[in-house]
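The data block below is data_7.pdb; it holds PDB, C-alpha atoms and all ligand atoms.
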ATOM      1  CA  MET A   1      78.162  88.889 102.739
ATOM      2  CA  LYS A   2      77.956  85.652 104.667
ATOM      3  CA  GLN A   3      78.857  85.940 108.331
ATOM      4  CA  ASP A   4      81.898  83.702 108.041
ATOM      5  CA  GLN A   5      83.353  85.241 104.870
ATOM      6  CA  PHE A   6      86.785  86.825 104.903
ATOM      7  CA  THR A   7      86.685  90.289 103.329
ATOM      8  CA  LEU A   8      89.588  90.955 100.977
ATOM      9  CA  PHE A   9      89.917  94.273  99.170
ATOM     10  CA  TYR A  10      91.071  94.199  95.563
ATOM     11  CA  ASP A  11      90.809  96.304  92.449
ATOM     12  CA  GLU A  12      92.127  95.686  88.931
ATOM     13  CA  ILE A  13      94.042  98.935  89.187
ATOM     14  CA  TYR A  14      96.425  97.250  91.661
ATOM     15  CA  SER A  15      98.040  95.722  88.536
ATOM     16  CA  SER A  16      96.838  98.000  85.724
ATOM     17  CA  GLY A  17      97.838 101.217  87.504
ATOM     18  CA  LEU A  18     101.528 100.449  87.026
ATOM     19  CA  ASP A  19     103.469 100.432  83.778
ATOM     20  CA  PRO A  20     103.979  96.814  82.608
ATOM     21  CA  THR A  21     107.646  97.484  81.870
ATOM     22  CA  THR A  22     108.506  98.591  85.410
ATOM     23  CA  ARG A  23     110.928  96.362  87.322
ATOM     24  CA  PHE A  24     108.211  95.766  89.892
ATOM     25  CA  PRO A  25     106.234  92.566  89.082
ATOM     26  CA  VAL A  26     102.954  94.330  88.264
ATOM     27  CA  ASP A  27     101.043  91.184  87.288
ATOM     28  CA  ARG A  28     101.277  89.526  90.664
ATOM     29  CA  TYR A  29      97.984  91.043  91.906
ATOM     30  CA  LYS A  30      96.052  89.992  88.830
ATOM     31  CA  LYS A  31      97.536  86.500  88.908
ATOM     32  CA  LEU A  32      96.864  86.110  92.600
ATOM     33  CA  HIS A  33      93.275  87.282  92.201
ATOM     34  CA  GLU A  34      92.686  84.770  89.404
ATOM     35  CA  ARG A  35      94.306  81.968  91.376
ATOM     36  CA  LEU A  36      92.362  82.684  94.534
ATOM     37  CA  LYS A  37      89.086  82.792  92.608
ATOM     38  CA  ASP A  38      89.928  79.382  91.133
ATOM     39  CA  LEU A  39      90.838  77.830  94.450
ATOM     40  CA  ASP A  40      88.173  79.356  96.687
ATOM     41  CA  HIS A  41      85.568  76.704  95.881
ATOM     42  CA  GLU A  42      83.519  77.344  98.963
ATOM     43  CA  ASN A  43      83.244  81.082  98.468
ATOM     44  CA  ARG A  44      85.032  81.876 101.670
ATOM     45  CA  ILE A  45      86.387  85.172 100.360
ATOM     46  CA  ASN A  46      84.180  88.238 100.114
ATOM     47  CA  TRP A  47      85.856  90.348  97.407
ATOM     48  CA  LYS A  48      85.391  94.079  97.767
ATOM     49  CA  LYS A  49      86.442  96.972  95.576
ATOM     50  CA  PRO A  50      88.058  99.617  97.752
ATOM     51  CA  ARG A  51      87.150 103.287  97.910
ATOM     52  CA  LEU A  52      89.715 106.027  97.371
ATOM     53  CA  ALA A  53      91.641 107.234 100.421
ATOM     54  CA  ARG A  54      90.798 110.840 101.269
ATOM     55  CA  LYS A  55      93.404 113.590 101.395
ATOM     56  CA  GLU A  56      92.795 114.237 105.091
ATOM     57  CA  GLU A  57      93.548 110.569 105.754
ATOM     58  CA  LEU A  58      96.892 110.802 103.920
ATOM     59  CA  LEU A  59      97.713 113.882 105.984
ATOM     60  CA  LEU A  60      97.414 111.865 109.205
ATOM     61  CA  ALA A  61     100.867 110.412 108.456
ATOM     62  CA  HIS A  62     102.352 112.548 105.685
ATOM     63  CA  GLU A  63     103.624 116.054 105.082
ATOM     64  CA  PRO A  64     101.173 118.310 103.247
ATOM     65  CA  SER A  65     103.691 119.424 100.598
ATOM     66  CA  TYR A  66     104.533 115.816  99.684
ATOM     67  CA  VAL A  67     100.852 114.830  99.540
ATOM     68  CA  ASP A  68     100.030 117.825  97.318
ATOM     69  CA  ARG A  69     102.924 117.253  94.942
ATOM     70  CA  PHE A  70     101.944 113.615  94.527
ATOM     71  CA  LEU A  71      98.234 114.286  94.007
ATOM     72  CA  GLU A  72      98.992 117.047  91.500
ATOM     73  CA  GLN A  73     101.485 114.869  89.545
ATOM     74  CA  ARG A  74     104.312 117.212  90.530
ATOM     75  CA  LEU A  75     106.812 114.838  92.208
ATOM     76  CA  ARG A  76     110.400 115.640  91.314
ATOM     77  CA  GLU A  77     112.414 113.228  89.180
ATOM     78  CA  GLU A  78     114.651 112.253  92.113
ATOM     79  CA  GLU A  79     111.591 111.536  94.263
ATOM     80  CA  ILE A  80     110.211 109.244  91.569
ATOM     81  CA  ARG A  81     113.582 107.545  91.247
ATOM     82  CA  ARG A  82     113.645 106.833  94.981
ATOM     83  CA  ILE A  83     110.147 105.314  94.768
ATOM     84  CA  GLY A  84     111.332 103.220  91.817
ATOM     85  CA  LEU A  85     108.007 102.707  90.017
ATOM     86  CA  ARG A  86     109.292 103.825  86.632
ATOM     87  CA  PRO A  87     108.207 104.570  83.990
ATOM     88  CA  TRP A  88     105.711 106.626  86.000
ATOM     89  CA  LYS A  89     102.109 106.252  84.914
ATOM     90  CA  ARG A  90      99.483 108.916  85.725
ATOM     91  CA  GLU A  91      97.174 106.144  87.007
ATOM     92  CA  ILE A  92      99.603 105.618  89.890
ATOM     93  CA  VAL A  93      97.692 108.352  91.733
ATOM     94  CA  GLU A  94      94.375 106.535  91.575
ATOM     95  CA  ARG A  95      96.099 103.204  92.270
ATOM     96  CA  THR A  96      97.780 104.582  95.377
ATOM     97  CA  LEU A  97      94.582 106.153  96.698
ATOM     98  CA  ARG A  98      92.654 102.967  96.081
ATOM     99  CA  LEU A  99      95.129 100.624  97.698
ATOM    100  CA  THR A 100      95.344 102.937 100.700
ATOM    101  CA  GLY A 101      91.537 103.035 100.668
ATOM    102  CA  GLY A 102      91.477  99.221 100.794
ATOM    103  CA  ALA A 103      93.529  99.226 103.982
ATOM    104  CA  LEU A 104      91.353 101.965 105.510
ATOM    105  CA  GLU A 105      88.169 100.086 104.691
ATOM    106  CA  GLY A 106      89.662  96.947 106.224
ATOM    107  CA  LEU A 107      90.406  98.947 109.356
ATOM    108  CA  GLN A 108      86.823 100.217 109.425
ATOM    109  CA  LEU A 109      85.549  96.626 109.390
ATOM    110  CA  LEU A 110      87.716  95.798 112.409
ATOM    111  CA  LEU A 111      86.510  98.882 114.256
ATOM    112  CA  GLU A 112      82.938  97.757 113.565
ATOM    113  CA  GLY A 113      83.595  94.361 115.128
ATOM    114  CA  SER A 114      85.151  92.071 112.494
ATOM    115  CA  ASP A 115      88.012  89.896 113.691
ATOM    116  CA  LEU A 116      89.913  89.842 110.416
ATOM    117  CA  ALA A 117      90.136  91.642 107.073
ATOM    118  CA  GLY A 118      92.768  92.037 104.371
ATOM    119  CA  ASN A 119      93.904  94.179 101.492
ATOM    120  CA  MET A 120      95.487  92.453  98.516
ATOM    121  CA  ALA A 121      98.146  95.150  98.089
ATOM    122  CA  GLY A 122      99.979  97.690 100.211
ATOM    123  CA  GLY A 123     102.028  97.144 103.318
ATOM    124  CA  THR A 124     103.995 100.098 101.985
ATOM    125  CA  HIS A 125     106.385 100.298 104.906
ATOM    126  CA  HIS A 126     109.277 102.181 103.262
ATOM    127  CA  ALA A 127     107.290 105.417 102.859
ATOM    128  CA  PHE A 128     108.337 108.231 105.225
ATOM    129  CA  ARG A 129     106.381 111.302 106.254
ATOM    130  CA  GLY A 130     107.697 113.410 103.406
ATOM    131  CA  ALA A 131     109.115 110.931 100.901
ATOM    132  CA  GLY A 132     108.404 107.645  99.214
ATOM    133  CA  ALA A 133     110.984 104.891  98.718
ATOM    134  CA  GLY A 134     111.361 101.276  97.612
ATOM    135  CA  TYR A 135     108.044 100.944  95.673
ATOM    136  CA  CYS A 136     106.160 102.701  98.482
ATOM    137  CA  ILE A 137     104.439 106.094  98.098
ATOM    138  CA  PHE A 138     102.277 106.522 101.202
ATOM    139  CA  ASN A 139     102.618 104.388 104.308
ATOM    140  CA  ASP A 140      99.261 102.619 104.585
ATOM    141  CA  LEU A 141     100.256 100.964 107.881
ATOM    142  CA  ALA A 142     100.992 104.363 109.403
ATOM    143  CA  ILE A 143      97.883 106.028 107.972
ATOM    144  CA  CYS A 144      95.690 103.232 109.360
ATOM    145  CA  ALA A 145      97.430 103.301 112.744
ATOM    146  CA  LYS A 146      96.974 107.066 113.033
ATOM    147  CA  LYS A 147      93.346 106.758 112.014
ATOM    148  CA  ALA A 148      92.738 103.906 114.474
ATOM    149  CA  LEU A 149      94.171 105.983 117.321
ATOM    150  CA  LEU A 150      91.537 108.666 116.720
ATOM    151  CA  ASN A 151      89.129 106.092 118.105
ATOM    152  CA  LYS A 152      88.753 106.222 121.900
ATOM    153  CA  GLU A 153      88.713 102.446 122.273
ATOM    154  CA  ILE A 154      92.077 102.004 120.543
ATOM    155  CA  ASN A 155      94.918 102.689 122.944
ATOM    156  CA  LYS A 156      97.612 100.318 121.806
ATOM    157  CA  LEU A 157      98.331  98.575 118.550
ATOM    158  CA  VAL A 158     101.120  96.473 117.141
ATOM    159  CA  ILE A 159     102.561  96.469 113.636
ATOM    160  CA  LEU A 160     104.137  93.075 113.007
ATOM    161  CA  ASP A 161     106.207  93.410 109.845
ATOM    162  CA  LEU A 162     107.453  90.078 108.495
ATOM    163  CA  ASP A 163     108.432  91.365 105.065
ATOM    164  CA  VAL A 164     112.102  90.553 104.417
ATOM    165  CA  HIS A 165     112.899  94.292 104.225
ATOM    166  CA  GLN A 166     112.881  96.489 107.323
ATOM    167  CA  GLY A 167     109.790  98.632 107.913
ATOM    168  CA  ASP A 168     111.967 101.732 108.106
ATOM    169  CA  GLY A 169     109.298 104.294 107.215
ATOM    170  CA  THR A 170     106.911 102.894 109.806
ATOM    171  CA  ALA A 171     109.667 102.801 112.445
ATOM    172  CA  GLU A 172     110.523 106.444 111.890
ATOM    173  CA  ILE A 173     106.945 107.702 111.777
ATOM    174  CA  PHE A 174     106.201 106.047 115.149
ATOM    175  CA  GLU A 175     109.564 106.650 116.775
ATOM    176  CA  LYS A 176     107.987 108.783 119.501
ATOM    177  CA  GLU A 177     104.531 107.185 119.622
ATOM    178  CA  ASP A 178     104.204 104.813 122.578
ATOM    179  CA  ARG A 179     100.779 103.586 121.537
ATOM    180  CA  VAL A 180     102.149 101.989 118.360
ATOM    181  CA  HIS A 181     104.511  99.070 118.863
ATOM    182  CA  THR A 182     106.615  98.410 115.749
ATOM    183  CA  ILE A 183     108.267  95.036 115.156
ATOM    184  CA  SER A 184     110.323  94.153 112.100
ATOM    185  CA  LEU A 185     111.980  90.829 111.247
ATOM    186  CA  HIS A 186     114.177  91.298 108.212
ATOM    187  CA  GLY A 187     117.382  90.467 106.355
ATOM    188  CA  LYS A 188     120.392  92.295 107.709
ATOM    189  CA  ASN A 189     121.881  92.924 104.258
ATOM    190  CA  ASN A 190     118.669  93.791 102.441
ATOM    191  CA  PHE A 191     117.354  97.211 101.448
ATOM    192  CA  PRO A 192     117.098  99.634 103.252
ATOM    193  CA  PHE A 193     120.829  99.795 103.866
ATOM    194  CA  ARG A 194     120.505 102.404 106.587
ATOM    195  CA  LYS A 195     118.058 100.865 109.009
ATOM    196  CA  LYS A 196     115.819 102.823 111.373
ATOM    197  CA  THR A 197     114.933 101.816 114.916
ATOM    198  CA  SER A 198     111.686  99.924 115.474
ATOM    199  CA  ASN A 199     110.549  98.970 118.981
ATOM    200  CA  TRP A 200     111.919  95.557 118.143
ATOM    201  CA  ASP A 201     114.178  94.750 115.190
ATOM    202  CA  LEU A 202     115.380  91.255 114.479
ATOM    203  CA  GLU A 203     117.923  90.814 111.728
ATOM    204  CA  PHE A 204     118.847  87.665 109.845
ATOM    205  CA  GLU A 205     122.020  86.779 107.978
ATOM    206  CA  ASN A 206     121.861  85.890 104.268
ATOM    207  CA  GLY A 207     120.599  82.398 103.640
ATOM    208  CA  THR A 208     118.672  82.024 106.919
ATOM    209  CA  GLY A 209     116.327  79.050 106.593
ATOM    210  CA  ASP A 210     113.020  77.911 108.079
ATOM    211  CA  GLU A 211     114.224  76.542 111.371
ATOM    212  CA  GLU A 212     116.223  79.537 112.505
ATOM    213  CA  TYR A 213     113.610  81.984 111.275
ATOM    214  CA  LEU A 214     110.671  80.223 112.924
ATOM    215  CA  THR A 215     112.530  79.820 116.223
ATOM    216  CA  ALA A 216     113.218  83.562 116.242
ATOM    217  CA  LEU A 217     109.586  84.321 115.428
ATOM    218  CA  ASP A 218     108.465  82.075 118.299
ATOM    219  CA  ARG A 219     110.661  84.057 120.634
ATOM    220  CA  VAL A 220     109.108  87.344 119.522
ATOM    221  CA  LEU A 221     105.516  86.111 119.699
ATOM    222  CA  ASP A 222     106.017  84.408 123.079
ATOM    223  CA  LYS A 223     107.358  87.606 124.535
ATOM    224  CA  LEU A 224     104.479  89.624 123.107
ATOM    225  CA  ALA A 225     101.727  87.210 124.033
ATOM    226  CA  PRO A 226     100.812  88.554 127.479
ATOM    227  CA  GLU A 227     100.675  92.137 126.239
ATOM    228  CA  PRO A 228      97.189  93.297 125.267
ATOM    229  CA  PHE A 229      96.900  95.037 121.897
ATOM    230  CA  ASP A 230      93.635  96.489 120.665
ATOM    231  CA  LEU A 231      94.596  95.855 117.048
ATOM    232  CA  ILE A 232      97.210  93.876 115.120
ATOM    233  CA  PHE A 233      98.487  95.019 111.728
ATOM    234  CA  PHE A 234     100.288  92.171 109.982
ATOM    235  CA  GLN A 235     102.584  93.060 107.062
ATOM    236  CA  THR A 236     102.596  89.672 105.366
ATOM    237  CA  GLY A 237     105.351  90.099 102.717
ATOM    238  CA  VAL A 238     106.549  86.750 101.360
ATOM    239  CA  ASP A 239     109.903  87.941 100.056
ATOM    240  CA  ALA A 240     111.815  85.829 102.591
ATOM    241  CA  LEU A 241     111.140  82.981 100.140
ATOM    242  CA  ALA A 242     114.271  81.254  98.788
ATOM    243  CA  SER A 243     113.401  82.033  95.149
ATOM    244  CA  ASP A 244     112.797  85.723  95.798
ATOM    245  CA  ALA A 245     114.960  87.989  93.652
ATOM    246  CA  LEU A 246     115.241  90.742  96.277
ATOM    247  CA  GLY A 247     115.212  88.942  99.635
ATOM    248  CA  LEU A 248     118.393  87.161 100.642
ATOM    249  CA  LEU A 249     116.849  84.581 102.944
ATOM    250  CA  ASN A 250     116.107  80.964 102.255
ATOM    251  CA  LEU A 251     112.607  80.171 103.524
ATOM    252  CA  SER A 252     110.523  77.460 101.896
ATOM    253  CA  ARG A 253     106.857  77.723 100.975
ATOM    254  CA  GLU A 254     106.139  75.387 103.867
ATOM    255  CA  GLY A 255     108.217  77.595 106.168
ATOM    256  CA  LEU A 256     106.063  80.578 105.241
ATOM    257  CA  ARG A 257     102.924  78.539 105.864
ATOM    258  CA  LYS A 258     104.220  77.749 109.345
ATOM    259  CA  ARG A 259     105.021  81.441 109.831
ATOM    260  CA  ASN A 260     101.425  82.376 109.010
ATOM    261  CA  LYS A 261     100.078  79.703 111.345
ATOM    262  CA  LYS A 262     102.197  80.964 114.227
ATOM    263  CA  VAL A 263     100.961  84.521 113.744
ATOM    264  CA  PHE A 264      97.326  83.421 113.659
ATOM    265  CA  GLU A 265      97.784  81.255 116.763
ATOM    266  CA  TRP A 266      99.338  84.207 118.564
ATOM    267  CA  ARG A 267      96.457  86.412 117.481
ATOM    268  CA  ASN A 268      94.013  83.848 118.824
ATOM    269  CA  THR A 269      95.766  83.933 122.201
ATOM    270  CA  MET A 270      95.593  87.720 122.210
ATOM    271  CA  LYS A 271      92.026  87.774 120.897
ATOM    272  CA  SER A 272      92.782  90.927 118.941
ATOM    273  CA  PRO A 273      91.332  91.878 115.565
ATOM    274  CA  MET A 274      93.904  91.669 112.780
ATOM    275  CA  LEU A 275      94.336  93.478 109.475
ATOM    276  CA  LEU A 276      96.463  91.935 106.705
ATOM    277  CA  PHE A 277      98.647  94.181 104.532
ATOM    278  CA  MET A 278     100.133  92.302 101.610
ATOM    279  CA  GLY A 279     103.772  93.437 101.401
ATOM    280  CA  GLY A 280     106.592  92.309  99.114
ATOM    281  CA  GLY A 281     107.206  89.276  96.927
ATOM    282  CA  TYR A 282     109.465  89.283  93.862
ATOM    283  CA  ALA A 283     110.191  85.621  93.193
ATOM    284  CA  LYS A 284     111.564  84.346  89.944
ATOM    285  CA  PRO A 285     109.346  82.862  88.683
ATOM    286  CA  ILE A 286     106.665  85.185  90.133
ATOM    287  CA  GLU A 287     104.372  82.132  90.494
ATOM    288  CA  ASP A 288     106.283  81.239  93.679
ATOM    289  CA  THR A 289     105.226  84.573  95.190
ATOM    290  CA  VAL A 290     101.656  84.011  94.001
ATOM    291  CA  ASP A 291     101.664  80.521  95.586
ATOM    292  CA  ALA A 292     102.893  81.862  98.909
ATOM    293  CA  PHE A 293     100.297  84.651  99.019
ATOM    294  CA  CYS A 294      97.627  82.178  97.937
ATOM    295  CA  ASP A 295      98.526  80.005 100.939
ATOM    296  CA  LEU A 296      98.247  83.027 103.204
ATOM    297  CA  PHE A 297      94.881  84.333 102.029
ATOM    298  CA  LEU A 298      93.242  80.893 101.826
ATOM    299  CA  TYR A 299      94.494  80.118 105.310
ATOM    300  CA  ALA A 300      93.140  83.469 106.541
ATOM    301  CA  ALA A 301      89.770  82.685 104.956
ATOM    302  CA  GLU A 302      89.732  79.281 106.683
ATOM    303  CA  GLU A 303      90.744  80.707 110.059
ATOM    304  CA  ASN A 304      88.091  83.384 109.725
ATOM    305  CA  ARG A 305      85.398  80.724 109.886
ATOM    306  CA  LYS A 306      86.483  79.704 113.365
ATOM    307  CA  PRO A 307      85.207  81.831 116.204
ATOM    308  CA  MET A 308      88.117  83.657 117.779
ATOM    309  CA  GLY A 309      86.190  84.037 121.035
ATOM    310  CA  LYS A 310      86.206  87.589 122.266
ATOM    311  CA  VAL A 311      87.141  88.229 125.860
TER
HETATM  312 ZN    ZN B   1     109.982  93.528 100.989
END
Representation of the structure as structure tokens:
Amino acid sequence: MKQDQFTLFYDEIYSSGLDPTTRFPVDRYKKLHERLKDLDHENRINWKKPRLARKEELLLAHEPSYVDRFLEQRLREEEIRRIGLRPWKREIVERTLRLTGGALEGLQLLLEGSDLAGNMAGGTHHAFRGAGAGYCIFNDLAICAKKALLNKEINKLVILDLDVHQGDGTAEIFEKEDRVHTISLHGKNNFPFRKKTSNWDLEFENGTGDEEYLTALDRVLDKLAPEPFDLIFFQTGVDALASDALGLLNLSREGLRKRNKKVFEWRNTMKSPMLLFMGGGYAKPIEDTVDAFCDLFLYAAEENRKPMGKV
């Protein structure tokens, strides 16, 4: 790997591990991977195949009985319905372990001194300790945060969740954990309909556009800026896009680009290592989601070349 390459974890199973007839747009990973390979002329992205997450890592954030039932293909029908990835495919187990592994490997890179890494899936913020929901099985943000906190040098981290849906699972898992600061900017009328309490929740009305959204984001980042965080986890969901079938907001592709830029500028002020978790995106056509994620990962790869300047 070249020093200035941006490491992005990806495996074919991110798409192939789900049934093609599920309502979830399974092809978006494959399409995004192809598009990024086409556009990354200067080889700025270091593609890596992730390892499988280990059971003891899942147990950092999840109940043993839930973990066992999932690993042994014994989830109940109503649990599968709540997760929503139907028809269920046996490969979902390997897919889930691998995408969680991608986030954990990204975390490891940060702990070893990288400023930035990403996983091209995950951001599974609706998963609770003992239950999955809304396309999420295990909460990779929570697993990584718990794992990071085992490290003596990590005393405070922030989870900035800009997916259009509230990070309810993450909020609940860290309800009583002062070392993890949870922030969620989301649509007021979107799933989940019963919201949980993050450290900071900011809700938007249906149809909120770029200007209002970006002004609100500025307010959040300005307020956070003086606070030192040892790590930043960025849930980068692009489902606030106007053409998204599940988000109810009205952001443009350019608005999302500006959103990404603001987050990276804030990170540069903080001088904290940052891990990117992909999050949601269900645009019709799905190419709009792919475009928005393409913008994000290419921008991350470009930013990664610039020295962040450690304090
Ligand atoms: Zn979402």
Write out as an MDAnalysis selection string which residues come within 12 Å of segment 206-220 of chain A when counting only C-alpha atoms, dropping same-chain ones fewer than 6 positions away.
-> chainID A and resid 160:162 164 182:190 199:200 226:227 240:244 246:263 265:266
Please, which residues have at least one atom within 7 Å of an atom of ligand ZN 1 (chain B), using all atoms listed in the file, listed as a ChimeraX atom specification?
-> /A:163-165,237,239,279-281
Residue among A:Phe234, A:Leu104, A:Leu224, A:Phe24 lying closest to Thr269 of chain A, counting all atoms listed in the file |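 The answer is A:Leu224, which sits nearest to Thr269 of chain A.
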Give me the residues of segment 135-208 of chain A that have any atom at most 6 Å from an atom of segment 114-130 of chain A; for each, the nearest atom pair and the distance in Å, rounded to one decimal. Use only C-alpha atoms, sort by chain and number, and format it as CSV.
residue,atom,partner,partner_atom,distance
A:Cys136,CA,A:Thr124,CA,4.9
A:Ile137,CA,A:Ala127,CA,5.6
A:Phe138,CA,A:Ala127,CA,5.4
A:Asn139,CA,A:Ala127,CA,5.0
A:Asp140,CA,A:Thr124,CA,6.0
A:Gly167,CA,A:His125,CA,4.8
A:Asp168,CA,A:His126,CA,5.6
A:Gly169,CA,A:His126,CA,4.5
A:Thr170,CA,A:His125,CA,5.6
Which one is closest to Lys306 of chain A: A:Arg44, A:Lys31, A:Lys49, A:Lys176? Count only C-alpha atoms.
->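 Of A:Arg44, A:Lys31, A:Lys49, A:Lys176, the one nearest Lys306 of chain A is A:Arg44, counting only C-alpha atoms.
The shortest atom-to-atom distance to Pro228 of chain A, with all atoms listed in the file taken into account, belongs to A:Asn155 out of A:Trp47, A:Lys195, A:Asn155, A:Asp201.
Between atom CA of Glu153 of chain A and atom CA of Lys223 of chain A there is a distance of 23.9 Å.
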Just say which residues the PyMOL selection byres (((chain A and resi 88-95) around 9) and not hetatm) picks in this file, as a count of residues only.
-> 24
If we count only C-alpha atoms, what is near Asp291 of chain A at a cut-off of 10 Å, once residues fewer than 4 positions away on the same chain are taken out, given as number ranges by chain?
-> A: 31-32, 35-36, 238, 253, 286-287, 295-296
Would you list the contacts of Glu34 of chain A as a PyMOL selection string, taking every protein, DNA or RNA residue within 12 Å and counting only C-alpha atoms, but skipping same-chain residues closer than 3 positions in sequence?
-> chain A and resi 10+12+27-31+37-40+47+290-291+294
Would you mind telling me which residue in A:Cys144, A:Leu60, A:Ala301, A:Met308 lies nearest to Ile45 of chain A when using all atoms listed in the file?
->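 Distance minimum relative to Ile45 of chain A lands on A:Ala301.
Of the listed residues A:Arg69, A:Arg76, A:Arg81, A:Arg51, the one whose atoms come nearest to Gln108 of chain A is A:Arg51, with distances taken using all atoms listed in the file.
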Translate the PyMOL selection byres (((chain A and resi 230) around 9) and not hetatm), as applied to the file shown, into an explicit residue set as number ranges by chain.
-> A: 153-158, 228-229, 231-232, 271-273
Enter the distance from atom CA of Glu56 of chain A to atom CA of Ile173 of chain A, in Å, rounded to one decimal.
-> 17.0 Å
Any idea what the distance is between atom CA of Glu79 of chain A and atom CA of Phe191 of chain A?
->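 Result for atom CA of Glu79 of chain A versus atom CA of Phe191 of chain A: 17.0 Å, one decimal.
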Give the padded box for segment 266-278 of chain A as JSON: axis-aligned, covering all atoms listed in the file, 5 Å on each side, centre and edge lengths in Å to one decimal.
{"center_x": 95.7, "center_y": 89.0, "center_z": 111.9, "size_x": 18.8, "size_y": 20.3, "size_z": 30.6}
